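The next block is data37.txt, given as compact mmCIF, C-alpha atoms.
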```
# COMPACT_ATOMS: atom_id res chain seq x y z
CA MET R 1 -6.98 -34.44 5.87
CA LYS R 2 -5.73 -37.70 4.36
CA PHE R 3 -2.61 -39.44 5.63
CA LYS R 4 -0.71 -38.48 2.47
CA GLU R 5 -1.51 -34.82 3.12
CA LYS R 6 -0.45 -35.16 6.75
CA LEU R 7 2.92 -36.50 5.59
CA GLU R 8 3.44 -33.24 3.73
CA SER R 9 2.10 -31.01 6.50
CA GLY R 10 4.96 -31.36 8.97
CA LYS R 11 2.53 -32.54 11.66
CA PHE R 12 3.88 -34.96 14.29
CA LEU R 13 2.22 -38.20 13.20
CA ILE R 14 1.06 -41.11 15.31
CA THR R 15 0.24 -44.45 13.72
CA ALA R 16 -0.34 -47.89 15.20
CA GLU R 17 -1.03 -51.37 13.94
CA LEU R 18 -3.56 -54.12 14.44
CA PHE R 19 -3.41 -57.88 13.86
CA PRO R 20 -6.34 -59.41 11.95
CA PRO R 21 -8.23 -62.22 13.70
CA LYS R 22 -7.32 -65.85 13.24
CA GLY R 23 -10.87 -66.65 12.17
CA VAL R 24 -13.93 -64.70 11.07
CA ASP R 25 -15.00 -63.14 14.38
CA VAL R 26 -13.94 -59.51 13.97
CA SER R 27 -15.50 -58.18 17.18
CA ALA R 28 -12.25 -58.00 19.16
CA PHE R 29 -10.45 -56.44 16.18
CA LEU R 30 -13.07 -53.71 15.88
CA ARG R 31 -13.06 -53.11 19.64
CA ARG R 32 -9.29 -52.56 19.58
CA ALA R 33 -9.65 -50.37 16.50
CA GLN R 34 -12.02 -48.08 18.37
CA SER R 35 -9.17 -47.21 20.75
CA LEU R 36 -7.18 -45.94 17.77
CA LYS R 37 -9.83 -43.82 16.05
CA ASP R 38 -8.01 -40.53 16.79
CA LEU R 39 -4.69 -41.62 15.30
CA ASP R 40 -3.43 -40.47 11.91
CA ALA R 41 -3.56 -43.98 10.40
CA VAL R 42 -3.74 -47.62 11.46
CA ASN R 43 -1.79 -50.43 9.81
CA VAL R 44 -3.27 -53.89 9.38
CA THR R 45 -0.61 -56.59 9.29
CA ASP R 46 -0.32 -59.19 6.54
CA ASN R 47 -0.02 -62.65 8.11
CA GLN R 48 2.62 -61.37 10.53
CA ARG R 49 5.21 -63.82 11.86
CA ALA R 50 4.13 -66.07 8.96
CA SER R 51 1.00 -67.01 10.88
CA MET R 52 -2.23 -67.39 8.89
CA ARG R 53 -4.88 -64.79 9.71
CA ALA R 54 -7.73 -63.00 7.98
CA GLY R 55 -6.55 -60.81 5.12
CA SER R 56 -5.31 -57.28 5.63
CA LEU R 57 -7.44 -56.05 2.72
CA ALA R 58 -10.76 -57.07 4.31
CA MET R 59 -9.77 -55.62 7.70
CA CYS R 60 -8.65 -52.35 6.12
CA LYS R 61 -12.04 -52.01 4.48
CA LEU R 62 -13.75 -52.47 7.87
CA LEU R 63 -11.57 -49.69 9.33
CA LEU R 64 -12.32 -47.39 6.42
CA GLU R 65 -16.06 -47.91 6.89
CA ARG R 66 -15.64 -46.74 10.49
CA GLY R 67 -13.78 -43.56 9.66
CA ILE R 68 -10.31 -44.90 10.49
CA GLU R 69 -7.70 -44.38 7.78
CA PRO R 70 -6.05 -47.74 7.12
CA VAL R 71 -2.60 -48.71 5.92
CA LEU R 72 -2.62 -51.98 4.00
CA GLN R 73 0.48 -54.03 4.77
CA LEU R 74 1.56 -56.09 1.77
CA THR R 75 4.38 -58.62 1.94
CA CYS R 76 6.41 -60.06 -0.91
CA ARG R 77 6.51 -63.47 0.80
CA ASP R 78 3.18 -64.99 -0.21
CA LYS R 79 2.22 -63.68 -3.65
CA ASN R 80 3.72 -63.53 -7.12
CA ARG R 81 3.74 -60.38 -9.25
CA ILE R 82 0.32 -61.14 -10.72
CA ALA R 83 -1.34 -61.44 -7.31
CA LEU R 84 0.55 -58.45 -5.86
CA GLN R 85 -0.61 -56.16 -8.65
CA SER R 86 -4.14 -57.48 -8.30
CA GLU R 87 -4.08 -56.79 -4.54
CA LEU R 88 -2.91 -53.23 -5.10
CA LEU R 89 -5.67 -52.57 -7.63
CA SER R 90 -8.28 -54.21 -5.39
CA ALA R 91 -7.25 -52.02 -2.47
CA ASN R 92 -7.60 -48.87 -4.53
CA ILE R 93 -11.03 -49.90 -5.80
CA LEU R 94 -12.13 -50.23 -2.17
CA GLY R 95 -10.82 -46.75 -1.36
CA ILE R 96 -7.59 -47.84 0.33
CA GLU R 97 -4.66 -45.71 -0.84
CA ASN R 98 -2.05 -46.23 1.89
CA VAL R 99 0.14 -49.30 1.49
CA LEU R 100 3.19 -50.42 3.46
CA ILE R 101 5.42 -52.73 1.46
CA LEU R 102 7.67 -55.20 3.24
CA SER R 103 9.36 -58.54 2.69
CA GLY R 104 7.44 -60.46 5.36
CA ASP R 105 8.77 -62.85 7.99
CA HIS R 106 10.09 -66.11 6.57
CA THR R 107 7.67 -69.02 6.84
CA ASP R 108 10.05 -70.77 9.26
CA ALA R 109 9.04 -68.13 11.82
CA GLY R 110 5.46 -69.41 11.98
CA GLU R 111 3.49 -72.62 12.36
CA TYR R 112 3.73 -73.47 8.65
CA LYS R 113 7.41 -74.41 8.58
CA GLY R 114 8.46 -75.77 5.22
CA THR R 115 5.83 -73.76 3.36
CA LYS R 116 7.13 -72.40 0.06
CA THR R 117 7.93 -68.70 -0.01
CA VAL R 118 7.42 -66.67 -3.17
CA TYR R 119 9.47 -63.46 -3.14
CA ASP R 120 8.81 -63.07 -6.86
CA LEU R 121 9.40 -59.34 -6.35
CA ASP R 122 11.52 -57.77 -3.67
CA THR R 123 10.42 -54.67 -1.76
CA VAL R 124 12.14 -52.18 -4.05
CA GLN R 125 10.60 -53.84 -7.10
CA LEU R 126 7.16 -53.84 -5.51
CA ILE R 127 7.43 -50.15 -4.64
CA LYS R 128 8.32 -49.47 -8.27
CA THR R 129 5.39 -51.64 -9.35
CA ALA R 130 2.94 -49.54 -7.32
CA ARG R 131 4.31 -46.42 -8.97
CA LEU R 132 4.10 -48.05 -12.41
CA LEU R 133 0.44 -48.89 -11.89
CA GLU R 134 -0.17 -45.22 -11.16
CA THR R 135 1.00 -44.42 -14.71
CA GLY R 136 -1.79 -46.61 -16.07
CA PHE R 137 0.26 -49.65 -17.07
CA ASP R 138 1.07 -53.01 -15.46
CA LEU R 139 4.32 -54.97 -15.36
CA ALA R 140 3.45 -56.69 -18.64
CA GLY R 141 3.13 -53.30 -20.33
CA LYS R 142 -0.63 -53.60 -20.64
CA LYS R 143 -2.73 -50.46 -20.31
CA LEU R 144 -5.04 -50.29 -17.29
CA SER R 145 -8.67 -49.28 -17.40
CA GLY R 146 -8.27 -46.53 -14.85
CA ALA R 147 -5.08 -45.89 -12.87
CA PRO R 148 -4.83 -46.15 -9.07
CA LYS R 149 -3.28 -43.63 -6.67
CA PHE R 150 -1.20 -44.71 -3.71
CA CYS R 151 0.61 -43.40 -0.68
CA VAL R 152 3.50 -45.86 -0.51
CA GLY R 153 5.44 -46.72 2.62
CA ALA R 154 8.26 -49.11 3.46
CA VAL R 155 10.15 -50.36 6.49
CA VAL R 156 13.67 -49.97 7.85
CA ASN R 157 15.44 -51.42 10.88
CA PRO R 158 17.64 -48.74 12.52
CA SER R 159 19.01 -51.19 15.11
CA ALA R 160 20.31 -53.71 12.59
CA THR R 161 24.02 -53.86 11.91
CA PRO R 162 25.67 -52.54 9.93
CA ASP R 163 23.37 -49.53 9.98
CA GLU R 164 25.08 -48.22 6.84
CA LEU R 165 23.42 -51.06 4.93
CA GLN R 166 20.02 -50.09 6.36
CA ALA R 167 20.65 -46.48 5.36
CA LEU R 168 21.51 -47.62 1.82
CA MET R 169 18.32 -49.68 1.60
CA LEU R 170 16.26 -46.72 2.78
CA GLU R 171 17.77 -44.54 0.07
CA LYS R 172 16.98 -47.19 -2.57
CA LYS R 173 13.37 -47.35 -1.41
CA VAL R 174 13.08 -43.55 -1.48
CA LYS R 175 14.37 -43.50 -5.07
CA ALA R 176 11.89 -46.27 -5.96
CA GLY R 177 9.01 -44.12 -4.70
CA ALA R 178 8.53 -44.72 -0.96
CA GLU R 179 6.96 -41.69 0.74
CA PHE R 180 7.16 -42.77 4.37
CA PHE R 181 8.87 -45.35 6.55
CA GLN R 182 7.96 -47.17 9.74
CA THR R 183 10.78 -48.81 11.66
CA GLN R 184 11.49 -51.84 13.79
CA THR R 185 11.02 -51.11 17.46
CA VAL R 186 13.19 -48.42 19.09
CA PHE R 187 13.97 -48.35 22.81
CA ASP R 188 17.02 -46.10 22.67
CA ALA R 189 16.24 -42.68 21.20
CA ALA R 190 19.90 -41.63 21.15
CA ARG R 191 20.88 -44.73 19.19
CA TYR R 192 18.04 -44.10 16.75
CA LYS R 193 19.21 -40.47 16.36
CA ASN R 194 22.59 -41.76 15.11
CA PHE R 195 20.81 -43.69 12.37
CA TYR R 196 18.45 -40.83 11.59
CA ASP R 197 21.38 -38.46 11.06
CA LYS R 198 22.66 -40.81 8.35
CA VAL R 199 19.42 -40.67 6.35
CA LYS R 200 17.81 -37.31 7.09
CA HIS R 201 19.29 -35.88 3.87
CA THR R 202 16.73 -37.98 1.97
CA ASN R 203 13.90 -35.93 3.54
CA ALA R 204 11.99 -39.20 4.01
CA VAL R 205 9.22 -39.15 6.60
CA ILE R 206 10.35 -41.80 9.10
CA LEU R 207 8.14 -42.93 11.96
CA PRO R 208 10.26 -44.85 14.48
CA GLY R 209 8.47 -47.80 16.04
CA VAL R 210 7.85 -47.95 19.77
CA THR R 211 6.62 -51.14 21.42
CA LEU R 212 4.69 -51.59 24.65
CA ILE R 213 6.46 -54.17 26.84
CA LYS R 214 3.80 -55.86 28.93
CA SER R 215 5.85 -58.46 30.82
CA PRO R 216 9.37 -59.89 31.26
CA LYS R 217 8.31 -62.88 29.15
CA PHE R 218 7.21 -60.61 26.31
CA MET R 219 10.47 -58.68 26.60
CA SER R 220 12.39 -61.94 26.17
CA PHE R 221 10.36 -62.66 23.04
CA LEU R 222 11.22 -59.22 21.63
CA GLN R 223 14.91 -59.81 22.33
CA SER R 224 14.73 -63.02 20.29
CA LEU R 225 13.73 -61.07 17.18
CA PRO R 226 16.47 -60.05 14.72
CA GLY R 227 17.55 -56.43 15.01
CA VAL R 228 15.80 -55.65 18.31
CA TYR R 229 17.97 -53.86 20.87
CA ILE R 230 16.67 -53.30 24.40
CA PRO R 231 19.03 -51.29 26.65
CA GLN R 232 19.99 -52.84 29.98
CA GLU R 233 18.28 -49.96 31.81
CA VAL R 234 14.95 -50.85 30.17
CA GLN R 235 15.44 -54.53 30.95
CA ASP R 236 16.14 -53.74 34.60
CA ARG R 237 13.06 -51.53 34.86
CA ILE R 238 10.76 -54.23 33.47
CA ASN R 239 12.33 -57.09 35.43
CA GLY R 240 12.24 -55.11 38.68
CA ALA R 241 8.75 -53.64 38.31
CA ALA R 242 5.90 -54.65 40.61
CA ASP R 243 3.59 -53.91 37.66
CA PRO R 244 5.54 -54.56 34.42
CA LEU R 245 2.68 -53.35 32.19
CA ALA R 246 2.45 -49.99 34.00
CA GLU R 247 6.23 -49.65 33.74
CA GLY R 248 6.07 -50.56 30.06
CA ILE R 249 3.55 -47.78 29.47
CA LYS R 250 5.92 -45.31 31.18
CA ILE R 251 8.87 -46.50 29.10
CA CYS R 252 6.86 -46.23 25.89
CA ALA R 253 5.69 -42.69 26.72
CA GLN R 254 9.20 -41.64 27.74
CA THR R 255 10.65 -42.94 24.47
CA ILE R 256 8.06 -40.98 22.48
CA LYS R 257 8.93 -37.82 24.43
CA GLU R 258 12.62 -38.27 23.58
CA LEU R 259 11.87 -38.94 19.91
CA ARG R 260 9.53 -35.94 19.73
CA SER R 261 12.45 -33.50 19.60
CA PHE R 262 13.57 -34.60 16.13
CA ALA R 263 11.35 -37.38 14.69
CA ARG R 264 8.39 -36.75 12.36
CA GLY R 265 6.19 -39.07 14.37
CA VAL R 266 6.00 -42.54 15.89
CA HIS R 267 4.50 -45.91 15.04
CA ILE R 268 3.14 -47.58 18.18
CA MET R 269 3.08 -51.38 18.35
CA ALA R 270 1.07 -52.52 21.37
CA ILE R 271 0.53 -56.09 20.10
CA GLY R 272 -2.84 -56.99 21.56
CA MET R 273 -2.81 -54.19 24.17
CA GLU R 274 -4.07 -51.41 21.90
CA GLU R 275 -6.52 -50.15 24.52
CA PHE R 276 -3.52 -48.66 26.35
CA ILE R 277 -2.34 -46.57 23.39
CA PRO R 278 -4.46 -43.51 24.30
CA GLU R 279 -2.92 -43.62 27.80
CA ILE R 280 0.56 -43.81 26.30
CA ILE R 281 -0.14 -40.83 24.08
CA ARG R 282 -1.52 -38.78 26.98
CA ALA R 283 1.51 -39.62 29.11
CA SER R 284 3.86 -38.61 26.30
CA CYS R 285 2.08 -35.23 25.91
CA VAL R 286 2.23 -35.26 22.11
CA LEU R 287 -1.44 -34.46 21.49
```
Representation of the structure as structure tokens:
Amino acid sequence: MKFKEKLESGKFLITAELFPPKGVDVSAFLRRAQSLKDLDAVNVTDNQRASMRAGSLAMCKLLLERGIEPVLQLTCRDKNRIALQSELLSANILGIENVLILSGDHTDAGEYKGTKTVYDLDTVQLIKTARLLETGFDLAGKKLSGAPKFCVGAVVNPSATPDELQALMLEKKVKAGAEFFQTQTVFDAARYKNFYDKVKHTNAVILPGVTLIKSPKFMSFLQSLPGVYIPQEVQDRINGAADPLAEGIKICAQTIKELRSFARGVHIMAIGMEEFIPEIIRASCVL
């Protein structure tokens, strides 16, 4: 069953994401991917944190060849509308149908500060562009030789304020053609439920993000990111733990259990610790 079909099935979905290598040695990437082979889909990030890495498209193809259904992440930051359309068509030619459309971190977040950003299209426009290509025409009105088919996703940040603005953006993306959403990291299921109640009328399939905290230092990094809220209880557990990673696994599994009662699934972000995702899933008792 393809990911698109799973979205329509009502199944509790579990996705995760992988970072491409900063170089051409893909051995570590493929080793981490093997830990995720039983998940419903695996995202490949697109130069996340504005840091140059191997392309998402190439890594998605490697996953597909190994029986892992990929989600191509495509940001508006680096490409103009010509290149974005080309990337979408190229993905479909290679058999990649799932695409997650997002703005992308500003270049000031990475090691290429001062690099020009593009943002020729915004996320809503790019979602509409993917749907337009499916009709057999491009943005210039030219007819395509064969039309692609996509399963289009987008992102939302339920912890950002005001959350009414995030709810409005989600609705716009649904109207543009987004079929599923993955969110910024969630550590407070009750707080996420408040946001979910504002948008559940859209019937969008939303997979709240859960992140594995591996150390106090990593937790501090997460707290520095816009829109990330970590409850004091979670902070105290990590800071007071003899084994922060083991405690982070427990917190991640507990959060998934709490989300399980109303969410359609979860998107697990282990950030270099993907080998622990099967343990998290077992501890959360969702499979």
Determine, counting only C-alpha atoms, which protein, DNA and RNA residues have an atom within 12 Å of an atom of Ser86 in chain R; residues of the same chain fewer than 4 positions away are not included. Present the result as a PDB file with C-alpha atoms, keeping the file's coordinate frame.
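Below you can see selection31.pdb, which holds the result:
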```
ATOM      1  CA  LEU R  57      -7.440 -56.050   2.720  1.00  0.00           C
ATOM      2  CA  LEU R  74       1.560 -56.090   1.770  1.00  0.00           C
ATOM      3  CA  LYS R  79       2.220 -63.680  -3.650  1.00  0.00           C
ATOM      4  CA  ASN R  80       3.720 -63.530  -7.120  1.00  0.00           C
ATOM      5  CA  ARG R  81       3.740 -60.380  -9.250  1.00  0.00           C
ATOM      6  CA  ILE R  82       0.320 -61.140 -10.720  1.00  0.00           C
ATOM      7  CA  SER R  90      -8.280 -54.210  -5.390  1.00  0.00           C
ATOM      8  CA  ALA R  91      -7.250 -52.020  -2.470  1.00  0.00           C
ATOM      9  CA  ASN R  92      -7.600 -48.870  -4.530  1.00  0.00           C
ATOM     10  CA  ILE R  93     -11.030 -49.900  -5.800  1.00  0.00           C
ATOM     11  CA  THR R 129       5.390 -51.640  -9.350  1.00  0.00           C
ATOM     12  CA  ALA R 130       2.940 -49.540  -7.320  1.00  0.00           C
ATOM     13  CA  LEU R 133       0.440 -48.890 -11.890  1.00  0.00           C
ATOM     14  CA  ASP R 138       1.070 -53.010 -15.460  1.00  0.00           C
ATOM     15  CA  LEU R 139       4.320 -54.970 -15.360  1.00  0.00           C
ATOM     16  CA  LEU R 144      -5.040 -50.290 -17.290  1.00  0.00           C
ATOM     17  CA  PRO R 148      -4.830 -46.150  -9.070  1.00  0.00           C
TER      18      PRO R 148
END
```
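Comparing R:Gly136, R:Pro216, R:Gly114, R:Gly272 by their smallest distance to Leu245 in chain R, the closest is R:Pro216 (using only C-alpha atoms).
Counting all atoms listed in the file and comparing R:Asp40, R:Ile268, R:Ala147, R:Glu134, the residue that lies closest to Lys6 in chain R is R:Asp40.
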>> Using only C-alpha atoms, which protein or nucleic acid residues come within 12 Å of Gln232 in chain R? Drop anything in the same chain fewer than 5 positions from it, and give the result as number ranges by chain.
In response: R: 187-188, 219, 223, 237-240
Limited to C-alpha atoms, could you put the picked residues into a file as a PDB file, keeping the file's coordinate frame?
```pdb
ATOM      1  CA  PHE R 187      13.970 -48.350  22.810  1.00  0.00           C
ATOM      2  CA  ASP R 188      17.020 -46.100  22.670  1.00  0.00           C
ATOM      3  CA  MET R 219      10.470 -58.680  26.600  1.00  0.00           C
ATOM      4  CA  GLN R 223      14.910 -59.810  22.330  1.00  0.00           C
ATOM      5  CA  ARG R 237      13.060 -51.530  34.860  1.00  0.00           C
ATOM      6  CA  ILE R 238      10.760 -54.230  33.470  1.00  0.00           C
ATOM      7  CA  ASN R 239      12.330 -57.090  35.430  1.00  0.00           C
ATOM      8  CA  GLY R 240      12.240 -55.110  38.680  1.00  0.00           C
TER       9      GLY R 240
END
```
> If I put a ball of radius 12 Å at (10.6, -58.6, 26.6) in the file's coordinates, which residues poke into it when counting only C-alpha atoms, written as a PyMOL selection string?
Replying inline: chain R and resi 185+187+211-225+228-232+234-239+244-245+248
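Proximity to Glu179 in chain R was assessed for R:Leu88, R:Leu207, R:Leu132, R:Ala58 counting all atoms listed in the file; the smallest distance is recorded for R:Leu207.
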>> Give me, as a VMD selection string, all polymer residues having an atom no more than 9 Å from Ile206 in chain R, counting all atoms listed in the file and skipping those fewer than 6 positions away in the same chain.
In response: chain R and resid 155 to 156 180 to 183 196 200 263 to 266
Output of the above residues as a short mmCIF file (atom, residue, chain, number, x, y, z; two decimals), in the frame of the given file, restricted to C-alpha atoms:
```
data_model
loop_
_atom_site.label_atom_id
_atom_site.label_comp_id
_atom_site.auth_asym_id
_atom_site.auth_seq_id
_atom_site.Cartn_x
_atom_site.Cartn_y
_atom_site.Cartn_z
CA VAL R 155 10.15 -50.36 6.49
CA VAL R 156 13.67 -49.97 7.85
CA PHE R 180 7.16 -42.77 4.37
CA PHE R 181 8.87 -45.35 6.55
CA GLN R 182 7.96 -47.17 9.74
CA THR R 183 10.78 -48.81 11.66
CA TYR R 196 18.45 -40.83 11.59
CA LYS R 200 17.81 -37.31 7.09
CA ALA R 263 11.35 -37.38 14.69
CA ARG R 264 8.39 -36.75 12.36
CA GLY R 265 6.19 -39.07 14.37
CA VAL R 266 6.00 -42.54 15.89
#
```
>> What does the structure give for the distance between CA of Thr75 in chain R and CA of Val199 in chain R, in Å to one decimal?
In response: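 That distance, rounded to one decimal, is 23.8 Å.
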>> Ranking R:Ile256, R:Ala50, R:Leu63, R:Leu126 by minimum distance to Ala190 in chain R and counting only C-alpha atoms, which one comes first?
In response: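 The shortest atom-to-atom distance to Ala190 in chain R comes from R:Ile256.
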Can you build me a table of range 179-264 of chain R residues sitting at most 7 Å from range 160-172 of chain R, with the closest atom pair per residue and its distance in Å to one decimal, using only C-alpha atoms, sorted by chain and residue number, as CSV?
```
residue,atom,partner,partner_atom,distance
R:Phe195,CA,R:Asp163,CA,6.8
R:Lys198,CA,R:Ala167,CA,6.7
R:Val199,CA,R:Ala167,CA,6.0
R:Thr202,CA,R:Glu171,CA,6.9
R:Gly227,CA,R:Ala160,CA,4.6
```
> Neighbours of Leu100 in chain R within 8 Å (all atoms listed in the file; same-chain residues fewer than 2 positions away dropped), as an MDAnalysis selection string?
Replying inline: chainID R and resid 71:74 98 102 152:155
Mind writing the picked residues with C-alpha atoms as a CSV table (one decimal), in the coordinates of the input?
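File selection24.csv, as written:
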```csv
chain,number,residue,atom,x,y,z
R,71,VAL,CA,-2.6,-48.7,5.9
R,72,LEU,CA,-2.6,-52.0,4.0
R,73,GLN,CA,0.5,-54.0,4.8
R,74,LEU,CA,1.6,-56.1,1.8
R,98,ASN,CA,-2.0,-46.2,1.9
R,102,LEU,CA,7.7,-55.2,3.2
R,152,VAL,CA,3.5,-45.9,-0.5
R,153,GLY,CA,5.4,-46.7,2.6
R,154,ALA,CA,8.3,-49.1,3.5
R,155,VAL,CA,10.2,-50.4,6.5
```
> Any idea what's packed within 10 Å of Leu36 in chain R, counting only C-alpha atoms, ignoring anything in its chain fewer than 3 positions away? Could you give it as number ranges by chain?
Replying inline: R: 14-18, 30-33, 39-42, 68, 274-278
Centre and edge lengths of an axis-aligned box around all listed atoms of range 14-27 of chain R, with 4 Å added on each side, are to be given in Å to one decimal, as JSON.
```
{"center_x": -7.2, "center_y": -53.9, "center_z": 14.1, "size_x": 24.6, "size_y": 33.5, "size_z": 14.1}
```
Reconstructed N, CA and C atoms for range 9-26 of chain R, given as a PDB file, keeping the file's coordinate frame:
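The result, stored in out-v3.pdb:
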```
ATOM      1  N   SER R   9       2.465 -32.167   5.677  1.00  0.00           N
ATOM      2  CA  SER R   9       2.100 -31.010   6.500  1.00  0.00           C
ATOM      3  C   SER R   9       3.138 -30.660   7.563  1.00  0.00           C
ATOM      4  N   GLY R  10       4.014 -31.589   7.896  1.00  0.00           N
ATOM      5  CA  GLY R  10       4.960 -31.360   8.970  1.00  0.00           C
ATOM      6  C   GLY R  10       4.405 -31.698  10.339  1.00  0.00           C
ATOM      7  N   LYS R  11       3.157 -32.141  10.401  1.00  0.00           N
ATOM      8  CA  LYS R  11       2.530 -32.540  11.660  1.00  0.00           C
ATOM      9  C   LYS R  11       3.252 -33.743  12.263  1.00  0.00           C
ATOM     10  N   PHE R  12       3.348 -33.788  13.611  1.00  0.00           N
ATOM     11  CA  PHE R  12       3.880 -34.960  14.290  1.00  0.00           C
ATOM     12  C   PHE R  12       2.833 -36.067  14.191  1.00  0.00           C
ATOM     13  N   LEU R  13       3.184 -37.154  13.526  1.00  0.00           N
ATOM     14  CA  LEU R  13       2.220 -38.200  13.200  1.00  0.00           C
ATOM     15  C   LEU R  13       2.285 -39.353  14.184  1.00  0.00           C
ATOM     16  N   ILE R  14       1.133 -39.928  14.455  1.00  0.00           N
ATOM     17  CA  ILE R  14       1.060 -41.110  15.310  1.00  0.00           C
ATOM     18  C   ILE R  14       0.254 -42.181  14.582  1.00  0.00           C
ATOM     19  N   THR R  15       0.905 -43.305  14.321  1.00  0.00           N
ATOM     20  CA  THR R  15       0.240 -44.450  13.720  1.00  0.00           C
ATOM     21  C   THR R  15       0.374 -45.641  14.677  1.00  0.00           C
ATOM     22  N   ALA R  16      -0.409 -46.649  14.420  1.00  0.00           N
ATOM     23  CA  ALA R  16      -0.340 -47.890  15.200  1.00  0.00           C
ATOM     24  C   ALA R  16      -0.678 -49.022  14.264  1.00  0.00           C
ATOM     25  N   GLU R  17      -0.689 -50.246  14.801  1.00  0.00           N
ATOM     26  CA  GLU R  17      -1.030 -51.370  13.940  1.00  0.00           C
ATOM     27  C   GLU R  17      -1.884 -52.377  14.689  1.00  0.00           C
ATOM     28  N   LEU R  18      -2.676 -53.096  13.913  1.00  0.00           N
ATOM     29  CA  LEU R  18      -3.560 -54.120  14.440  1.00  0.00           C
ATOM     30  C   LEU R  18      -3.304 -55.445  13.721  1.00  0.00           C
ATOM     31  N   PHE R  19      -3.467 -56.551  14.457  1.00  0.00           N
ATOM     32  CA  PHE R  19      -3.410 -57.880  13.860  1.00  0.00           C
ATOM     33  C   PHE R  19      -4.818 -58.307  13.480  1.00  0.00           C
ATOM     34  N   PRO R  20      -5.029 -58.833  12.280  1.00  0.00           N
ATOM     35  CA  PRO R  20      -6.340 -59.410  11.950  1.00  0.00           C
ATOM     36  C   PRO R  20      -6.622 -60.630  12.807  1.00  0.00           C
ATOM     37  N   PRO R  21      -7.894 -61.033  12.910  1.00  0.00           N
ATOM     38  CA  PRO R  21      -8.230 -62.220  13.700  1.00  0.00           C
ATOM     39  C   PRO R  21      -7.800 -63.502  12.998  1.00  0.00           C
ATOM     40  N   LYS R  22      -7.576 -64.511  13.792  1.00  0.00           N
ATOM     41  CA  LYS R  22      -7.320 -65.850  13.240  1.00  0.00           C
ATOM     42  C   LYS R  22      -8.668 -66.566  13.211  1.00  0.00           C
ATOM     43  N   GLY R  23      -9.496 -66.177  12.265  1.00  0.00           N
ATOM     44  CA  GLY R  23     -10.870 -66.650  12.170  1.00  0.00           C
ATOM     45  C   GLY R  23     -11.730 -65.544  11.589  1.00  0.00           C
ATOM     46  N   VAL R  24     -13.032 -65.668  11.696  1.00  0.00           N
ATOM     47  CA  VAL R  24     -13.930 -64.700  11.070  1.00  0.00           C
ATOM     48  C   VAL R  24     -14.652 -63.811  12.077  1.00  0.00           C
ATOM     49  N   ASP R  25     -14.401 -64.003  13.356  1.00  0.00           N
ATOM     50  CA  ASP R  25     -15.000 -63.140  14.380  1.00  0.00           C
ATOM     51  C   ASP R  25     -14.164 -61.871  14.482  1.00  0.00           C
ATOM     52  N   VAL R  26     -14.698 -60.759  14.004  1.00  0.00           N
ATOM     53  CA  VAL R  26     -13.940 -59.510  13.970  1.00  0.00           C
ATOM     54  C   VAL R  26     -14.270 -58.586  15.140  1.00  0.00           C
TER      55      VAL R  26
END
```
